[in-house]
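Q: Encoded as structure tokens, here's the structure I'll be asking about.
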Amino acid sequence: MPYKTRKPCNFPGCGTLINVGERFCAIHKREMNRRANADHYDSRWRKISKLYISKHPLCAECERAGLLTPAVEVHHVIPVAAGGSDMGKNLMALCKSCHSRISLKERQHGV
Ligand SMILES: [Zn+2]
Ligand SMILES: [Zn+2]
């Protein structure tokens with residue numbers, strides 16, 4: 001009978017015993033999956049937003065007010081969480097201050 005059939009979960013600070021050959025306990029397996037998906041989304045989104053800004057180099061909000069401010073961030077008109085897409089029609093190139101203003105407004109309205 002081998003002695004070491006159980007070992008602690010690899011997640012820092014988690015001492016849950018798991019089977020040798022596994023890396024994380026059930027909770028942290030899920031957590032690591034979630035993180036991997038988020039990272040995957042982040043890198044895909046970075047690529048999309050960079051491309052979008054290269055095509056829309058000016059802040060859309062400032063432009064409406066007659067100002068020419070370089071866009072640095074891409075905003076989802078309909079938030080991804082609400083089913084918005086990463087496609088052109090749902091995107092808006094914004095400067096930093098417009099983006100934070102709009103994000104704040106959305107948060108206040110609970111969109
Ligand atoms: Zn764990
Ligand atoms: Zn702006």
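Chain labels run A, B, ... following the order of the structure tokens; each chain numbers its residues from 1, and ligands are numbered from 1 in the order shown.
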Name all residues at most 7 Å from Pro70 in chain A (count only C-alpha atoms; drop same-chain ones fewer than 2 positions away) and give them as a list in words.

A: Pro57, Leu58, Cys59, Leu68, Val72 and Cys95 of chain A

Q: Using the selection just defined, write its residues with N, CA and C atoms as a PDB file, in the first residue's frame.

A:
ATOM      1  N   PRO A  57      -8.923  56.265 -34.307  1.00  0.00           N
ATOM      2  CA  PRO A  57      -7.897  56.794 -33.399  1.00  0.00           C
ATOM      3  C   PRO A  57      -8.361  57.935 -32.493  1.00  0.00           C
ATOM      4  N   LEU A  58      -9.592  58.452 -32.740  1.00  0.00           N
ATOM      5  CA  LEU A  58     -10.052  59.579 -31.916  1.00  0.00           C
ATOM      6  C   LEU A  58     -11.202  59.172 -31.004  1.00  0.00           C
ATOM      7  N   CYS A  59     -11.257  59.821 -29.854  1.00  0.00           N
ATOM      8  CA  CYS A  59     -12.321  59.562 -28.893  1.00  0.00           C
ATOM      9  C   CYS A  59     -13.662  59.979 -29.488  1.00  0.00           C
ATOM     10  N   LEU A  68     -10.592  66.951 -30.514  1.00  0.00           N
ATOM     11  CA  LEU A  68      -9.862  65.835 -31.092  1.00  0.00           C
ATOM     12  C   LEU A  68      -8.922  65.261 -30.039  1.00  0.00           C
ATOM     13  N   VAL A  72      -7.767  55.937 -26.304  1.00  0.00           N
ATOM     14  CA  VAL A  72      -6.838  54.971 -25.720  1.00  0.00           C
ATOM     15  C   VAL A  72      -7.544  53.699 -25.283  1.00  0.00           C
ATOM     16  N   CYS A  95     -11.313  58.248 -25.052  1.00  0.00           N
ATOM     17  CA  CYS A  95     -10.134  58.629 -24.289  1.00  0.00           C
ATOM     18  C   CYS A  95     -10.375  58.190 -22.847  1.00  0.00           C
TER      19      CYS A  95
END

Q: Apply DSSP to the structure's backbone, then extract all residues of chain A labelled helix (DSSP H, G or I) and return them as a VMD selection string.

A: chain A and resid 26 to 55 60 to 64 80 to 82 88 to 90 96 to 109

Q: Kindly compile the residues surrounding ligand 1 within 10 Å, counting only C-alpha atoms and all ligand atoms, and format them as a list in words.

A: Pro8, Cys9, Asn10, Phe11, Pro12, Gly13, Cys14, Gly15, Thr16, Leu17, Ile18, Arg23, Phe24, Cys25, Ala26, Ile27, His28, Lys29, Arg30, Glu31 and Met32 of chain A

Q: Pick out each residue of range 12-85 of chain A that DSSP on the backbone tags as strand (DSSP E or B); I need them as a PyMOL selection string.

A: chain A and resi 17-20+22+58+70+73-76

Q: Next, the residues of the selection above should be written as a PDB file, in the first residue's frame with N, CA, C and O atoms.

A:
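Okay, part.pdb is ready:
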ATOM      1  N   LEU A  17      -6.691  18.266   1.017  1.00  0.00           N
ATOM      2  CA  LEU A  17      -5.969  17.111   0.503  1.00  0.00           C
ATOM      3  C   LEU A  17      -6.655  16.578  -0.744  1.00  0.00           C
ATOM      4  O   LEU A  17      -7.876  16.439  -0.791  1.00  0.00           O
ATOM      5  N   ILE A  18      -5.828  16.316  -1.746  1.00  0.00           N
ATOM      6  CA  ILE A  18      -6.355  15.799  -3.010  1.00  0.00           C
ATOM      7  C   ILE A  18      -5.547  14.575  -3.411  1.00  0.00           C
ATOM      8  O   ILE A  18      -4.497  14.300  -2.817  1.00  0.00           O
ATOM      9  N   ASN A  19      -5.984  13.865  -4.383  1.00  0.00           N
ATOM     10  CA  ASN A  19      -5.266  12.677  -4.842  1.00  0.00           C
ATOM     11  C   ASN A  19      -3.970  13.068  -5.530  1.00  0.00           C
ATOM     12  O   ASN A  19      -3.917  14.067  -6.241  1.00  0.00           O
ATOM     13  N   VAL A  20      -2.928  12.263  -5.320  1.00  0.00           N
ATOM     14  CA  VAL A  20      -1.668  12.479  -6.028  1.00  0.00           C
ATOM     15  C   VAL A  20      -1.970  12.343  -7.515  1.00  0.00           C
ATOM     16  O   VAL A  20      -2.727  11.471  -7.929  1.00  0.00           O
ATOM     17  N   GLU A  22      -3.405  14.848  -9.104  1.00  0.00           N
ATOM     18  CA  GLU A  22      -4.261  16.008  -9.341  1.00  0.00           C
ATOM     19  C   GLU A  22      -3.461  17.242  -8.963  1.00  0.00           C
ATOM     20  O   GLU A  22      -2.466  17.150  -8.247  1.00  0.00           O
ATOM     21  N   LEU A  58      -9.592  58.452 -32.740  1.00  0.00           N
ATOM     22  CA  LEU A  58     -10.052  59.579 -31.916  1.00  0.00           C
ATOM     23  C   LEU A  58     -11.202  59.172 -31.004  1.00  0.00           C
ATOM     24  O   LEU A  58     -12.025  58.313 -31.361  1.00  0.00           O
ATOM     25  N   PRO A  70      -7.010  61.814 -28.672  1.00  0.00           N
ATOM     26  CA  PRO A  70      -6.670  60.446 -29.076  1.00  0.00           C
ATOM     27  C   PRO A  70      -7.373  59.416 -28.185  1.00  0.00           C
ATOM     28  O   PRO A  70      -7.427  59.577 -26.965  1.00  0.00           O
ATOM     29  N   GLU A  73      -8.871  53.777 -25.146  1.00  0.00           N
ATOM     30  CA  GLU A  73      -9.602  52.614 -24.678  1.00  0.00           C
ATOM     31  C   GLU A  73     -10.810  52.352 -25.559  1.00  0.00           C
ATOM     32  O   GLU A  73     -11.333  53.259 -26.188  1.00  0.00           O
ATOM     33  N   VAL A  74     -11.239  51.092 -25.585  1.00  0.00           N
ATOM     34  CA  VAL A  74     -12.418  50.747 -26.368  1.00  0.00           C
ATOM     35  C   VAL A  74     -13.526  50.352 -25.401  1.00  0.00           C
ATOM     36  O   VAL A  74     -13.313  49.566 -24.484  1.00  0.00           O
ATOM     37  N   HIS A  75     -14.668  50.938 -25.625  1.00  0.00           N
ATOM     38  CA  HIS A  75     -15.808  50.745 -24.736  1.00  0.00           C
ATOM     39  C   HIS A  75     -16.850  49.881 -25.421  1.00  0.00           C
ATOM     40  O   HIS A  75     -17.087  50.017 -26.618  1.00  0.00           O
ATOM     41  N   HIS A  76     -17.477  48.990 -24.650  1.00  0.00           N
ATOM     42  CA  HIS A  76     -18.606  48.224 -25.166  1.00  0.00           C
ATOM     43  C   HIS A  76     -19.865  49.059 -24.962  1.00  0.00           C
ATOM     44  O   HIS A  76     -20.190  49.413 -23.830  1.00  0.00           O
TER      45      HIS A  76
END

Q: Could you pull the residues within 12 Å of Val80 in chain A, counting only C-alpha atoms, minus those fewer than 5 positions along the same chain, as a ChimeraX atom specification?

A: /A:41,45,75,85-87,90-91,111

Q: Select the residues contacting ligand 2 at a distance of at most 7 Å, based on only C-alpha atoms and all ligand atoms, then format the selection as a VMD selection string.

A: chain A and resid 59 to 62 69 94 to 98

Q: Using C-alpha atoms, can you write the selected residues to a file as an mmCIF file, in the first residue's frame?

A:
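Saved as again00.cif:
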data_model
loop_
_atom_site.group_PDB
_atom_site.id
_atom_site.type_symbol
_atom_site.label_atom_id
_atom_site.label_comp_id
_atom_site.auth_asym_id
_atom_site.auth_seq_id
_atom_site.Cartn_x
_atom_site.Cartn_y
_atom_site.Cartn_z
ATOM 1 C CA CYS A 59 -12.321 59.562 -28.893
ATOM 2 C CA ALA A 60 -15.916 59.319 -30.156
ATOM 3 C CA GLU A 61 -17.346 61.317 -27.255
ATOM 4 C CA CYS A 62 -14.845 64.151 -27.555
ATOM 5 C CA THR A 69 -8.601 63.601 -28.322
ATOM 6 C CA LEU A 94 -12.759 56.606 -26.083
ATOM 7 C CA CYS A 95 -10.134 58.629 -24.289
ATOM 8 C CA LYS A 96 -9.402 57.759 -20.705
ATOM 9 C CA SER A 97 -11.570 60.441 -19.110
ATOM 10 C CA CYS A 98 -14.599 59.788 -21.325
#

Q: Pick from A:Arg107, A:Arg34, A:Lys7, A:His56: nearest to Gly88 in chain A, with only C-alpha atoms counted?

A: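 Checking each candidate against Gly88 in chain A, we get A:His56 as the closest.
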